[in-house]
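Novice: Got a structure for you, written out below as structure tokens; questions coming shortly.
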Amino acid sequence: MNYAKFDDLTRDLSSRRPSKQFPDGPVFYFNDQPVRLVAGEMEGVHWMDIHIELTRFRADTLQAAKKVLIANREMGGSTPIPTWFALNDQDQLIFINRLDWRHISAKILEDHILRCIDQMASALQSEGV
């Protein structure tokens with residue numbers, strides 16, 4: 001698969017948002033939220049996983065982890081878009097949202113990420129995570 005359009009999308013987003021280049025790709029900053037875009041493909045289906053590090057939230061207690069698992073279950077049943085929470089290797093809570101990258105612009109992606117950040121922060125705060 002030719003990832004030129006994905007590369008163009010990340011370059012366009014870099015012109016709209018602060019970013020820093022790492023060996024495994026750029027990290028974009030949406031206020032205090034680091035965001036990585038990870039392209040993928042399997043059997044002709046193309047996607048990008050949007051990894052949003054939720055810096056204000058920790059899942060470092062059993063109760064918080066349980067609430068995150070419940071949120072995963074509820075999100076899985078309420079949206080056709082693959083969406084879930086995970087932990088990175090520093091035990092930081094990550095919100096992951098999967099989209100087809102072939103048909104969106106940097107502006108649409110930026111708006112989508114900002115909406116995800118706002119909605120997930122509100123949901124996690126209301127659940128007491």
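Residue numbering restarts at 1 for every chain of the structure tokens, chains are lettered A, B, ... in their displayed order, and ligands are numbered from 1 as they appear.
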Per DSSP on the backbone, filter range 13-124 of chain A down to the residues in helix (DSSP H, G or I) and report them as a VMD selection string.
Specialist: chain A and resid 13 to 16 62 to 78 101 to 103 106 to 124
Novice: Which residues, written as number ranges by chain, have at least one atom at most 12 Å from range 20-36 of chain A, with only C-alpha atoms counted and residues fewer than 4 positions away on the same chain left out?
Specialist: A: 6-7, 9-16, 48-57, 88, 92-98, 106, 109-118, 120-121
Novice: Fewer than 2 positions away in the same chain doesn't count, so skip those; otherwise give me all residues within 9 Å of Leu124 in chain A, counting only C-alpha atoms, as an MDAnalysis selection string.
Specialist: chainID A and resid 57 67:68 71 119:122 126:129
Novice: Write down as number ranges by chain the residues belonging to range 51-90 of chain A that are assigned strand (DSSP E) by DSSP computed on the backbone.
Specialist: A: 51-58, 83-87
Novice: Do you have the CA of Thr83 in chain A-CA of Leu99 in chain A distance handy?
Specialist: 9.4 Å
Novice: When distances are computed from only C-alpha atoms, which of A:His46, A:Ala123, A:Arg17, A:Asp89 shows the smallest separation from Asn72 in chain A?
Specialist: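 Nearest to Asn72 in chain A: A:Ala123.
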Novice: CA of Lys5 in chain A to CA of Ile104 in chain A: how many Å, to one decimal?
Specialist: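 Pair CA of Lys5 in chain A / CA of Ile104 in chain A returns 9.9 Å.
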Novice: Quick one, how far is CA of Pro80 in chain A from CA of Ser19 in chain A?
Specialist: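 Computing the Euclidean distance for CA of Pro80 in chain A and CA of Ser19 in chain A yields 29.6 Å.
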